[in-house]
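A.B. asks: Contents of query_2.cif (mmCIF, C-alpha atoms) are given next:
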data_coords
#
loop_
_atom_site.label_atom_id
_atom_site.label_comp_id
_atom_site.auth_asym_id
_atom_site.auth_seq_id
_atom_site.Cartn_x
_atom_site.Cartn_y
_atom_site.Cartn_z
CA MET A 19 13.12 20.28 -45.30
CA SER A 20 15.93 18.31 -43.69
CA GLU A 21 16.97 20.55 -40.80
CA PRO A 22 14.91 23.06 -38.79
CA THR A 23 17.47 25.83 -39.38
CA GLU A 24 16.93 25.68 -43.12
CA VAL A 25 13.46 27.16 -42.88
CA LEU A 26 14.78 30.72 -42.73
CA THR A 27 17.06 30.29 -45.76
CA GLU A 28 14.44 29.10 -48.19
CA ALA A 29 13.40 31.54 -50.90
CA PRO A 30 9.84 32.79 -50.69
CA PRO A 31 7.44 31.07 -53.05
CA PRO A 32 6.70 32.87 -56.30
CA GLU A 33 3.61 34.98 -56.35
CA GLN A 34 0.59 33.25 -57.80
CA PRO A 35 -1.75 35.00 -60.21
CA ALA A 36 -4.89 36.31 -58.63
CA GLN A 37 -7.74 33.85 -58.67
CA PRO A 38 -11.40 34.73 -58.61
CA PRO A 39 -12.89 34.37 -55.13
CA GLN A 40 -14.50 31.02 -54.54
CA SER A 41 -16.79 30.00 -51.77
CA PRO A 42 -15.06 27.45 -49.53
CA PRO A 43 -16.61 24.00 -49.43
CA PRO A 44 -18.71 23.31 -46.33
CA ALA A 45 -16.10 21.04 -44.73
CA GLY A 46 -17.75 21.08 -41.35
CA LYS A 47 -21.16 19.96 -42.58
CA PRO A 48 -20.39 16.23 -43.04
CA VAL A 49 -18.81 16.13 -39.58
CA ALA A 50 -21.84 17.84 -38.05
CA VAL A 51 -24.16 15.42 -39.83
CA ARG A 52 -22.19 12.38 -38.62
CA ALA A 53 -22.03 13.77 -35.10
CA THR A 54 -25.76 14.45 -35.02
CA LEU A 55 -26.52 10.97 -36.33
CA ALA A 56 -24.24 9.42 -33.70
CA GLY A 57 -25.94 11.46 -30.98
CA VAL A 58 -29.41 10.42 -32.10
CA VAL A 59 -28.44 6.74 -32.29
CA VAL A 60 -26.85 6.72 -28.83
CA SER A 61 -29.82 8.60 -27.33
CA LEU A 62 -32.29 6.11 -28.83
CA LEU A 63 -30.22 3.20 -27.52
CA LEU A 64 -30.24 4.72 -24.02
CA ILE A 65 -34.01 5.26 -24.16
CA ALA A 66 -34.46 1.64 -25.20
CA ALA A 67 -32.18 0.52 -22.36
CA ILE A 68 -34.21 2.57 -19.87
CA VAL A 69 -37.49 1.09 -21.07
CA LEU A 70 -36.21 -2.48 -21.09
CA GLY A 71 -34.13 -2.19 -17.92
CA SER A 72 -37.07 -0.80 -15.94
CA ARG A 73 -39.24 -3.70 -17.15
CA LEU A 74 -41.27 -1.60 -19.57
CA LEU A 75 -41.26 1.33 -17.10
CA ARG A 76 -42.86 -0.67 -14.28
CA ASP A 77 -39.87 0.13 -12.05
CA PHE A 78 -39.40 3.66 -13.40
CA ASP A 79 -39.97 6.43 -10.84
CA SER A 80 -41.80 9.30 -12.54
CA ALA A 81 -40.41 11.72 -9.93
CA LEU A 82 -36.97 11.12 -11.45
CA LEU A 83 -38.08 11.90 -15.00
CA PRO A 84 -36.10 15.20 -15.24
CA TYR A 85 -32.91 13.35 -14.31
CA ALA A 86 -33.60 10.63 -16.89
CA VAL A 87 -34.24 13.21 -19.61
CA ALA A 88 -31.00 14.96 -18.68
CA THR A 89 -29.07 11.69 -19.09
CA VAL A 90 -30.53 11.29 -22.59
CA PHE A 91 -29.30 14.79 -23.46
CA LEU A 92 -25.97 13.85 -21.87
CA ALA A 93 -25.72 10.78 -24.10
CA PHE A 94 -26.51 12.85 -27.19
CA GLY A 95 -23.95 15.53 -26.27
CA VAL A 96 -21.18 13.04 -25.49
CA ALA A 97 -21.71 11.13 -28.74
CA TYR A 98 -21.94 14.37 -30.74
CA ARG A 99 -18.78 15.95 -29.35
CA TYR A 100 -16.82 12.71 -29.35
CA THR A 101 -17.57 12.26 -33.04
CA VAL A 102 -16.47 15.84 -33.74
CA TRP A 103 -13.34 15.33 -31.64
CA VAL A 104 -12.20 12.14 -33.38
CA SER A 105 -12.80 13.79 -36.77
CA ALA A 106 -9.83 16.14 -36.20
CA PRO A 107 -6.50 14.78 -37.59
CA GLY A 108 -4.65 14.74 -34.28
CA ALA A 109 -7.49 13.18 -32.29
CA ARG A 110 -8.20 10.68 -35.06
CA ARG A 111 -4.63 9.38 -34.89
CA LEU A 112 -4.78 9.31 -31.08
CA PHE A 113 -8.07 7.41 -31.26
CA LYS A 114 -6.81 4.84 -33.78
CA LYS A 115 -3.45 4.23 -32.12
CA GLY A 116 -4.87 4.36 -28.60
CA PHE A 117 -7.78 2.03 -29.04
CA GLY A 118 -5.79 -0.13 -31.45
CA SER A 119 -3.30 -0.76 -28.65
CA PHE A 120 -6.09 -1.02 -26.10
CA PHE A 121 -7.71 -3.97 -27.88
CA SER A 122 -4.56 -5.48 -29.37
CA ALA A 123 -4.15 -9.20 -28.70
CA GLU A 124 -0.45 -8.90 -29.57
CA ASN A 125 0.08 -6.25 -26.89
CA PHE A 126 -1.75 -8.45 -24.39
CA ARG A 127 0.57 -11.34 -25.17
CA LYS A 128 3.66 -9.14 -24.82
CA ALA A 129 2.61 -7.49 -21.56
CA PRO A 130 -0.52 -9.09 -20.08
CA THR A 131 -0.42 -6.99 -16.91
CA ALA A 132 0.36 -3.64 -18.56
CA LEU A 133 -3.22 -2.70 -19.43
CA PRO A 134 -4.72 -3.41 -15.96
CA LYS A 135 -1.87 -1.49 -14.33
CA MET A 136 -2.35 1.51 -16.60
CA ILE A 137 -6.10 1.51 -16.05
CA ALA A 138 -5.52 1.47 -12.29
CA THR A 139 -2.68 4.01 -12.17
CA TYR A 140 -3.64 6.31 -15.06
CA LEU A 141 -7.44 6.24 -14.90
CA GLY A 142 -8.12 5.24 -11.31
CA PHE A 143 -5.38 6.75 -9.16
CA GLN A 144 -4.04 9.29 -11.71
CA LYS A 145 -0.45 8.98 -10.53
CA PHE A 146 0.70 11.46 -13.19
CA LEU A 147 -1.00 14.21 -11.16
CA GLY A 148 1.07 13.32 -8.11
CA ALA A 149 4.22 14.35 -9.99
CA ARG A 150 2.83 17.89 -10.26
CA SER A 151 1.48 18.34 -6.74
CA ARG A 152 0.43 15.98 -3.99
CA SER A 153 -2.33 18.32 -2.84
CA ARG A 154 -3.76 18.56 -6.37
CA TRP A 155 -3.60 14.78 -6.68
CA ALA A 156 -5.42 14.28 -3.37
CA ALA A 157 -8.12 16.82 -4.29
CA HIS A 158 -8.58 15.24 -7.71
CA GLN A 159 -8.90 11.81 -6.12
CA LEU A 160 -11.64 13.06 -3.80
CA ILE A 161 -13.58 14.50 -6.73
CA PHE A 162 -13.00 11.45 -8.93
CA TRP A 163 -14.10 8.78 -6.47
CA GLY A 164 -16.95 10.90 -5.18
CA CYS A 165 -18.30 11.40 -8.70
CA VAL A 166 -17.80 7.72 -9.56
CA LEU A 167 -19.74 6.66 -6.47
CA ALA A 168 -22.52 9.15 -7.20
CA ALA A 169 -22.77 8.01 -10.84
CA LEU A 170 -22.91 4.32 -9.89
CA ILE A 171 -25.84 5.05 -7.57
CA THR A 172 -27.70 7.81 -9.41
CA PHE A 173 -27.78 6.58 -12.99
CA PRO A 174 -29.21 3.08 -12.33
CA LEU A 175 -31.77 4.50 -9.89
CA THR A 176 -32.76 7.21 -12.38
CA TRP A 177 -33.21 4.67 -15.17
CA GLY A 178 -35.24 2.29 -13.00
CA TRP A 179 -32.61 -0.43 -13.12
CA PHE A 180 -32.20 -0.49 -9.32
CA THR A 181 -35.18 -0.67 -6.99
CA PHE A 182 -35.45 -0.91 -3.22
CA THR A 183 -38.58 -2.57 -1.85
CA SER A 184 -39.60 -3.17 1.75
CA ASP A 185 -40.30 -6.64 3.09
CA SER A 186 -43.20 -5.17 5.06
CA SER A 187 -45.16 -1.96 5.07
CA SER A 188 -42.89 -0.34 7.66
CA GLY A 189 -39.51 -2.08 7.21
CA PRO A 190 -36.78 -2.30 8.42
CA GLY A 191 -36.05 -5.16 6.00
CA TYR A 192 -35.37 -4.11 2.40
CA GLU A 193 -34.54 -5.83 -0.86
CA MET A 194 -32.36 -4.42 -3.63
CA ARG A 195 -33.39 -5.59 -7.08
CA ILE A 196 -31.57 -5.15 -10.39
CA TRP A 197 -33.81 -5.44 -13.47
CA GLY A 198 -36.41 -7.05 -11.24
CA PHE A 199 -34.11 -9.72 -9.81
CA LYS A 200 -33.33 -9.73 -6.11
CA VAL A 201 -29.59 -9.40 -5.47
CA LEU A 202 -29.42 -8.30 -1.83
CA GLY A 203 -31.53 -8.21 1.29
CA PHE A 204 -30.53 -5.90 4.14
CA ASN A 205 -31.71 -4.29 7.33
CA ALA A 206 -32.12 -0.54 7.05
CA LEU A 207 -31.04 -0.10 10.69
CA ASN A 208 -27.60 -1.76 10.45
CA ILE A 209 -24.38 -0.51 8.88
CA VAL A 210 -25.14 -2.07 5.48
CA GLY A 211 -28.50 -0.36 5.35
CA TRP A 212 -27.00 2.96 6.40
CA LEU A 213 -24.38 2.75 3.65
CA MET A 214 -27.01 1.81 1.07
CA PHE A 215 -29.22 4.78 1.88
CA HIS A 216 -26.41 7.31 2.46
CA GLY A 217 -24.09 6.51 -0.44
CA LEU A 218 -24.82 9.84 -2.10
CA ASP A 219 -24.07 11.66 1.15
CA ILE A 220 -20.68 9.94 1.30
CA ALA A 221 -20.04 10.97 -2.30
CA ALA A 222 -20.93 14.58 -1.46
CA VAL A 223 -18.56 14.57 1.52
CA LEU A 224 -15.76 13.45 -0.80
CA VAL A 225 -16.51 15.96 -3.57
CA ILE A 226 -16.92 19.13 -1.47
CA PRO A 227 -13.34 19.37 -0.09
CA GLY A 228 -11.80 18.39 -3.45
CA ALA A 229 -13.82 20.91 -5.47
CA SER A 230 -13.34 23.58 -2.81
CA TYR A 231 -9.57 23.14 -2.94
CA PHE A 232 -9.47 23.65 -6.71
CA LEU A 233 -11.82 26.61 -6.45
CA TRP A 234 -9.59 28.16 -3.78
CA ARG A 235 -6.50 27.48 -5.88
CA ARG A 236 -8.04 29.17 -8.91
CA MET A 237 -8.75 32.22 -6.77
CA LYS A 238 -5.19 32.43 -5.38
CA ASP A 239 -2.71 30.87 -7.83
CA ARG A 240 -1.34 33.37 -10.35
CA GLY A 241 -0.73 30.74 -12.98
CA ALA A 242 -4.33 29.51 -12.71
CA ILE A 243 -5.80 33.02 -12.66
CA THR A 244 -3.96 34.08 -15.81
CA GLY A 245 -5.53 31.64 -18.21
CA GLN A 246 -8.77 30.60 -16.54
CA ARG A 247 -12.24 31.17 -17.92
CA PHE A 248 -15.34 31.30 -15.74
CA ALA A 249 -17.56 29.00 -17.82
CA TYR A 250 -14.77 26.49 -18.48
CA ASP A 251 -12.73 26.43 -15.26
CA LEU A 252 -14.85 27.83 -12.41
CA LEU A 253 -18.41 26.84 -13.31
CA PRO A 254 -17.80 23.05 -13.16
CA LEU A 255 -16.39 23.35 -9.64
CA ILE A 256 -19.29 25.54 -8.53
CA CYS A 257 -21.77 23.04 -9.96
CA LEU A 258 -20.15 20.15 -8.09
CA ILE A 259 -20.25 22.07 -4.81
CA VAL A 260 -23.88 23.14 -5.30
CA ILE A 261 -24.96 19.57 -6.12
CA SER A 262 -23.13 18.16 -3.11
CA VAL A 263 -24.29 20.80 -0.64
CA THR A 264 -27.94 20.64 -1.69
CA GLY A 265 -27.81 16.84 -1.53
CA LEU A 266 -26.52 16.96 2.04
CA LEU A 267 -29.14 19.58 2.95
CA LEU A 268 -31.87 17.22 1.73
CA THR A 269 -30.66 14.61 4.21
CA PHE A 270 -30.35 17.23 6.93
CA SER A 271 -33.91 18.44 6.26
CA SER A 272 -35.42 14.96 6.38
CA ILE A 273 -33.60 13.96 9.60
CA PHE A 274 -33.43 17.13 11.68
CA LEU A 275 -36.07 19.48 10.25
CA HIS A 276 -38.84 16.92 9.70
CA GLY A 277 -38.91 17.79 6.00
CA GLY A 278 -38.82 21.58 6.41
CA GLY A 279 -37.75 23.25 3.16
CA TYR A 280 -37.39 19.86 1.49
CA GLU A 281 -39.38 20.73 -1.64
CA PHE A 282 -37.35 23.86 -2.35
CA LEU A 283 -34.07 22.01 -1.78
CA ALA A 284 -35.22 19.14 -3.99
CA ILE A 285 -36.01 21.52 -6.87
CA LEU A 286 -32.69 23.36 -6.43
CA HIS A 287 -30.80 20.05 -6.34
CA MET A 288 -32.62 18.77 -9.42
CA VAL A 289 -31.92 21.96 -11.40
CA SER A 290 -28.21 21.87 -10.52
CA VAL A 291 -27.88 18.18 -11.46
CA VAL A 292 -29.78 18.55 -14.74
CA PHE A 293 -27.73 21.61 -15.72
CA THR A 294 -24.45 19.85 -14.93
CA LEU A 295 -25.38 16.71 -16.88
CA ILE A 296 -26.26 18.77 -19.96
CA TYR A 297 -23.09 20.87 -19.51
CA ILE A 298 -20.68 17.90 -19.27
CA PRO A 299 -20.17 17.25 -23.02
CA PHE A 300 -19.44 20.89 -23.78
CA GLY A 301 -17.24 21.86 -20.83
CA LYS A 302 -14.14 20.80 -18.97
CA PHE A 303 -15.69 17.54 -17.79
CA PHE A 304 -15.46 16.18 -21.32
CA HIS A 305 -11.90 15.08 -20.55
CA ILE A 306 -13.49 12.22 -18.59
CA VAL A 307 -14.66 10.75 -21.91
CA GLN A 308 -11.36 11.47 -23.66
CA ARG A 309 -9.10 9.92 -21.03
CA PRO A 310 -9.42 6.22 -22.08
CA ALA A 311 -7.90 7.04 -25.49
CA ALA A 312 -4.91 8.52 -23.68
CA VAL A 313 -4.53 5.27 -21.74
CA GLY A 314 -4.36 3.43 -25.06
CA MET A 315 -1.65 5.83 -26.25
CA GLN A 316 0.36 5.18 -23.08
CA LEU A 317 0.08 1.44 -23.79
CA PHE A 318 1.15 2.12 -27.39
CA LYS A 319 4.32 3.83 -26.13
CA TYR A 320 4.94 1.20 -23.43
CA THR A 321 4.86 -1.76 -25.83
CA ALA A 322 7.19 0.09 -28.22
CA ARG A 323 9.69 0.57 -25.36
CA GLN A 324 9.47 -3.14 -24.61
CA ASP A 325 10.62 -3.77 -28.18
CA ASP A 326 13.48 -1.26 -27.78
CA GLN A 327 11.96 0.99 -30.42
CA VAL A 328 13.42 4.16 -28.91
CA PHE A 329 14.00 7.18 -31.13
CA ALA A 330 17.22 9.10 -30.43
CA CYS A 331 17.64 12.84 -30.96
CA LYS A 332 19.28 13.53 -34.32
CA ARG A 333 21.59 16.12 -32.77
CA CYS A 334 22.69 14.85 -29.36
CA GLY A 335 21.65 11.21 -29.45
CA GLU A 336 19.57 11.35 -26.27
CA PRO A 337 16.29 9.35 -26.35
CA VAL A 338 13.29 11.47 -27.34
CA ASP A 339 10.45 8.94 -27.22
CA THR A 340 9.52 5.70 -28.91
CA ALA A 341 10.04 5.59 -32.67
CA PRO A 342 6.37 4.73 -33.44
CA TYR A 343 5.22 7.64 -31.28
CA VAL A 344 7.57 10.12 -33.02
CA GLU A 345 6.41 8.90 -36.42
CA ASN A 346 2.79 9.19 -35.32
CA LEU A 347 3.47 12.77 -34.18
CA ARG A 348 5.09 13.63 -37.50
CA GLY A 349 2.14 12.13 -39.34
CA THR A 350 -0.25 14.27 -37.31
CA MET A 351 1.75 17.41 -38.12
CA ARG A 352 1.66 16.50 -41.81
CA ASP A 353 -2.10 15.96 -41.62
CA LEU A 354 -2.41 19.44 -40.14
CA LYS A 355 -0.18 20.78 -42.94
CA LEU A 356 2.45 22.05 -40.50
CA ASP A 357 5.73 22.33 -42.37
CA PHE A 358 8.04 21.68 -39.45
CA ASP A 359 7.38 18.01 -38.65
CA SER A 360 11.14 17.31 -38.60
CA TRP A 361 11.34 19.21 -35.31
CA ALA A 362 9.82 16.10 -33.71
CA GLU A 363 13.16 14.35 -34.32
CA TYR A 364 14.96 16.56 -31.77
CA CYS A 365 14.87 16.61 -27.98
CA PRO A 366 13.53 19.75 -26.22
CA ARG A 367 17.03 21.00 -25.37
CA CYS A 368 18.27 20.71 -28.95
CA LYS A 369 15.14 22.44 -30.23
CA ARG A 370 15.98 25.44 -28.06
CA VAL A 371 19.60 25.43 -29.22
CA LEU A 372 18.64 25.22 -32.89
CA ARG A 373 16.08 28.00 -32.56
CA GLY A 374 18.66 30.19 -30.83
CA SER A 375 21.27 29.45 -33.50
CA ALA A 376 18.81 30.24 -36.26
CA TYR A 377 17.97 33.54 -34.59
CA LEU A 378 21.64 34.53 -34.23
CA ASN A 379 22.60 33.49 -37.77
CA HIS A 380 19.62 34.72 -39.74
CA VAL A 381 17.73 37.34 -37.73
CA LYS A 382 20.08 39.22 -35.44
CA LYS A 383 22.79 39.14 -38.11
CA GLY A 384 20.75 41.55 -40.24
CA PHE A 385 20.84 44.27 -37.54
CA LYS A 386 24.61 44.74 -37.47
#
Can you dump the structure from the file as structure tokens?
C.D. replies:
Amino acid sequence: MSEPTEVLTEAPPPEQPAQPPQSPPPAGKPVAVRATLAGVVVSLLLIAAIVLGSRLLRDFDSALLPYAVATVFLAFGVAYRYTVWVSAPGARRLFKKGFGSFFSAENFRKAPTALPKMIATYLGFQKFLGARSRSRWAAHQLIFWGCVLAALITFPLTWGWFTFTSDSSSGPGYEMRIWGFKVLGFNALNIVGWLMFHGLDIAAVLVIPGASYFLWRRMKDRGAITGQRFAYDLLPLICLIVISVTGLLLTFSSIFLHGGGYEFLAILHMVSVVFTLIYIPFGKFFHIVQRPAAVGMQLFKYTARQDDQVFACKRCGEPVDTAPYVENLRGTMRDLKLDFDSWAEYCPRCKRVLRGSAYLNHVKKGFK
């Protein structure tokens, strides 16, 4: 097909003789097998890293065992779903082009500062969200940096990679060790010590307003209400708020209530964290794992623009995108067996005009 308007003028294909019913081949089975194998391998590697990083479990805190087990399930789920995701034609092309550009020495020579800038602006500060709404960008930043801070503290502590030991039986001097090696000594009563022991509280203070804003928006915004699903859109926000609130209540209990209700709050906090970690690979939070591939695709488009490889609309001549990106999109549509890949050669305005013309010439004409 050369032009989108020709689709309606083509004669219907001749009828094929009836064929005996055949059972479809189990196409999903190989993907499931590969995904399961990837999940098992990644889980075993994490278990080995926990054992070795905690010095054969000498630094492993048995009270944190449920959290460690949840991270193993998290590793399995992420590896499993990522393998399934990259097995789809569109994601496979995104993965190859994105990570190919990400690790390309040629791209680094052409634009050595492009990759660090994109990592900072696209992954770190998510400037693309600011174009939609400043309030949404600010709320997302609070959630992002709060979760990053919590992960940097929680995961190493859970795995026994970080340990804090007292210089004496009563303090206030403490040592932070990584894999058994001392990296920092600090006083628990000064500002450094306070930050070290209250990092998770700071993370909770960042996450609560950000998650609360999105939860409020999903309760009030018509556009968000129309397409939202409880398990996919609301549950992640509720989980973040519950984790943050119970974490702050643990600190409140230990400081102001002399440990009153601490055990109940600790169990509630643990359950909420474990549930969220297991939920991450199969819910909305999975986009965290997918985002680096999108950074690679942005770099792929950026380097093509630097080479002036811009594809112009076949109808009006306005730039559509880079030529390699348009060809990659057409290839994805062909992989999906979509018979209108030539539409990618037109800008959005011309697509609307051509669809309208086709409707007037071939559809509405028959009702005169």
A.B. asks: Taking the file above as input, evaluate the PyMOL selection byres ((chain A and resi 340-352) around 6) and report the hits as a tab-separated table (two decimals) with C-alpha atoms, in the frame of the given file.
C.D. replies:
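Listing of out.tsv after writing:
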chain	number	residue	atom	x	y	z
A	108	GLY	CA	-4.65	14.74	-34.28
A	327	GLN	CA	11.96	0.99	-30.42
A	328	VAL	CA	13.42	4.16	-28.91
A	329	PHE	CA	14.00	7.18	-31.13
A	339	ASP	CA	10.45	8.94	-27.22
A	353	ASP	CA	-2.10	15.96	-41.62
A	354	LEU	CA	-2.41	19.44	-40.14
A	355	LYS	CA	-0.18	20.78	-42.94
A	356	LEU	CA	2.45	22.05	-40.50
A	359	ASP	CA	7.38	18.01	-38.65
A.B. asks: Can you tell me how far atom CA of Asp239 of chain A sits from atom CA of Asp251 of chain A, in Å to one decimal?
C.D. replies: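 Interatomic distance, atom CA of Asp239 of chain A to atom CA of Asp251 of chain A: 13.2 Å.
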A.B. asks: Quick one: pull the distance between atom CA of Phe94 of chain A and atom CA of Ile65 of chain A, Å, one decimal.
C.D. replies: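 Between atom CA of Phe94 of chain A and atom CA of Ile65 of chain A the gap is 11.1 Å.
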A.B. asks: Running the PyMOL selection byres ((chain A and resi 317) around 12) on this model by hand, what would come out? Give it as a PyMOL selection string.
C.D. replies: chain A and resi 112+115-122+124-126+128-137+140+310-316+318-324+340+342-343
A.B. asks: Starting from the PyMOL selection byres ((chain A and resi 49-59) around 6), expand the selection into actual residues of this file and give them as a list in words.
C.D. replies: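 Going through the file, the PyMOL selection byres ((chain A and resi 49-59) around 6) ends up selecting Gly46, Lys47, Pro48, Val60, Ser61, Leu62, Phe94, Ala97, Tyr98 and Thr101 of chain A.
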A.B. asks: Would you fill out segment 117-134 of chain A with N, CA, C and O atoms and return it as an mmCIF file, in the frame of the given file?
C.D. replies:
data_model
loop_
_atom_site.group_PDB
_atom_site.id
_atom_site.type_symbol
_atom_site.label_atom_id
_atom_site.label_comp_id
_atom_site.auth_asym_id
_atom_site.auth_seq_id
_atom_site.Cartn_x
_atom_site.Cartn_y
_atom_site.Cartn_z
ATOM 1 N N PHE A 117 -6.875 3.160 -29.156
ATOM 2 C CA PHE A 117 -7.780 2.030 -29.040
ATOM 3 C C PHE A 117 -7.269 0.811 -29.786
ATOM 4 O O PHE A 117 -7.622 -0.326 -29.442
ATOM 5 N N GLY A 118 -6.432 1.015 -30.814
ATOM 6 C CA GLY A 118 -5.790 -0.130 -31.450
ATOM 7 C C GLY A 118 -4.897 -0.876 -30.480
ATOM 8 O O GLY A 118 -4.887 -2.116 -30.442
ATOM 9 N N SER A 119 -4.146 -0.134 -29.673
ATOM 10 C CA SER A 119 -3.300 -0.760 -28.650
ATOM 11 C C SER A 119 -4.131 -1.314 -27.502
ATOM 12 O O SER A 119 -3.796 -2.342 -26.909
ATOM 13 N N PHE A 120 -5.228 -0.619 -27.209
ATOM 14 C CA PHE A 120 -6.090 -1.020 -26.100
ATOM 15 C C PHE A 120 -6.669 -2.414 -26.334
ATOM 16 O O PHE A 120 -6.747 -3.237 -25.414
ATOM 17 N N PHE A 121 -7.069 -2.692 -27.572
ATOM 18 C CA PHE A 121 -7.710 -3.970 -27.880
ATOM 19 C C PHE A 121 -6.803 -4.907 -28.674
ATOM 20 O O PHE A 121 -7.283 -5.840 -29.316
ATOM 21 N N SER A 122 -5.501 -4.675 -28.617
ATOM 22 C CA SER A 122 -4.560 -5.480 -29.370
ATOM 23 C C SER A 122 -4.254 -6.785 -28.630
ATOM 24 O O SER A 122 -3.777 -6.761 -27.487
ATOM 25 N N ALA A 123 -4.496 -7.907 -29.292
ATOM 26 C CA ALA A 123 -4.150 -9.200 -28.700
ATOM 27 C C ALA A 123 -2.643 -9.377 -28.611
ATOM 28 O O ALA A 123 -2.127 -10.004 -27.677
ATOM 29 N N GLU A 124 -1.910 -8.798 -29.586
ATOM 30 C CA GLU A 124 -0.450 -8.900 -29.570
ATOM 31 C C GLU A 124 0.135 -8.174 -28.357
ATOM 32 O O GLU A 124 1.047 -8.688 -27.694
ATOM 33 N N ASN A 125 -0.388 -6.984 -28.067
ATOM 34 C CA ASN A 125 0.080 -6.250 -26.890
ATOM 35 C C ASN A 125 -0.240 -7.015 -25.614
ATOM 36 O O ASN A 125 0.548 -7.005 -24.660
ATOM 37 N N PHE A 126 -1.383 -7.675 -25.583
ATOM 38 C CA PHE A 126 -1.750 -8.450 -24.390
ATOM 39 C C PHE A 126 -0.803 -9.621 -24.188
ATOM 40 O O PHE A 126 -0.439 -9.953 -23.058
ATOM 41 N N ARG A 127 -0.389 -10.243 -25.296
ATOM 42 C CA ARG A 127 0.570 -11.340 -25.170
ATOM 43 C C ARG A 127 1.934 -10.846 -24.715
ATOM 44 O O ARG A 127 2.616 -11.510 -23.925
ATOM 45 N N LYS A 128 2.366 -9.679 -25.209
ATOM 46 C CA LYS A 128 3.660 -9.140 -24.820
ATOM 47 C C LYS A 128 3.693 -8.714 -23.352
ATOM 48 O O LYS A 128 4.655 -8.986 -22.638
ATOM 49 N N ALA A 129 2.654 -8.021 -22.926
ATOM 50 C CA ALA A 129 2.610 -7.490 -21.560
ATOM 51 C C ALA A 129 1.202 -7.654 -21.015
ATOM 52 O O ALA A 129 0.391 -6.721 -21.069
ATOM 53 N N PRO A 130 0.858 -8.835 -20.513
ATOM 54 C CA PRO A 130 -0.520 -9.090 -20.080
ATOM 55 C C PRO A 130 -0.976 -8.245 -18.904
ATOM 56 O O PRO A 130 -2.165 -8.015 -18.730
ATOM 57 N N THR A 131 -0.030 -7.780 -18.077
ATOM 58 C CA THR A 131 -0.420 -6.990 -16.910
ATOM 59 C C THR A 131 -0.327 -5.481 -17.149
ATOM 60 O O THR A 131 -0.686 -4.701 -16.275
ATOM 61 N N ALA A 132 0.151 -5.071 -18.324
ATOM 62 C CA ALA A 132 0.360 -3.640 -18.560
ATOM 63 C C ALA A 132 -0.963 -2.879 -18.590
ATOM 64 O O ALA A 132 -1.086 -1.814 -17.977
ATOM 65 N N LEU A 133 -1.948 -3.409 -19.302
ATOM 66 C CA LEU A 133 -3.220 -2.700 -19.430
ATOM 67 C C LEU A 133 -3.932 -2.553 -18.086
ATOM 68 O O LEU A 133 -4.369 -1.432 -17.746
ATOM 69 N N PRO A 134 -4.081 -3.621 -17.272
ATOM 70 C CA PRO A 134 -4.720 -3.410 -15.960
ATOM 71 C C PRO A 134 -3.973 -2.415 -15.082
ATOM 72 O O PRO A 134 -4.602 -1.612 -14.388
#
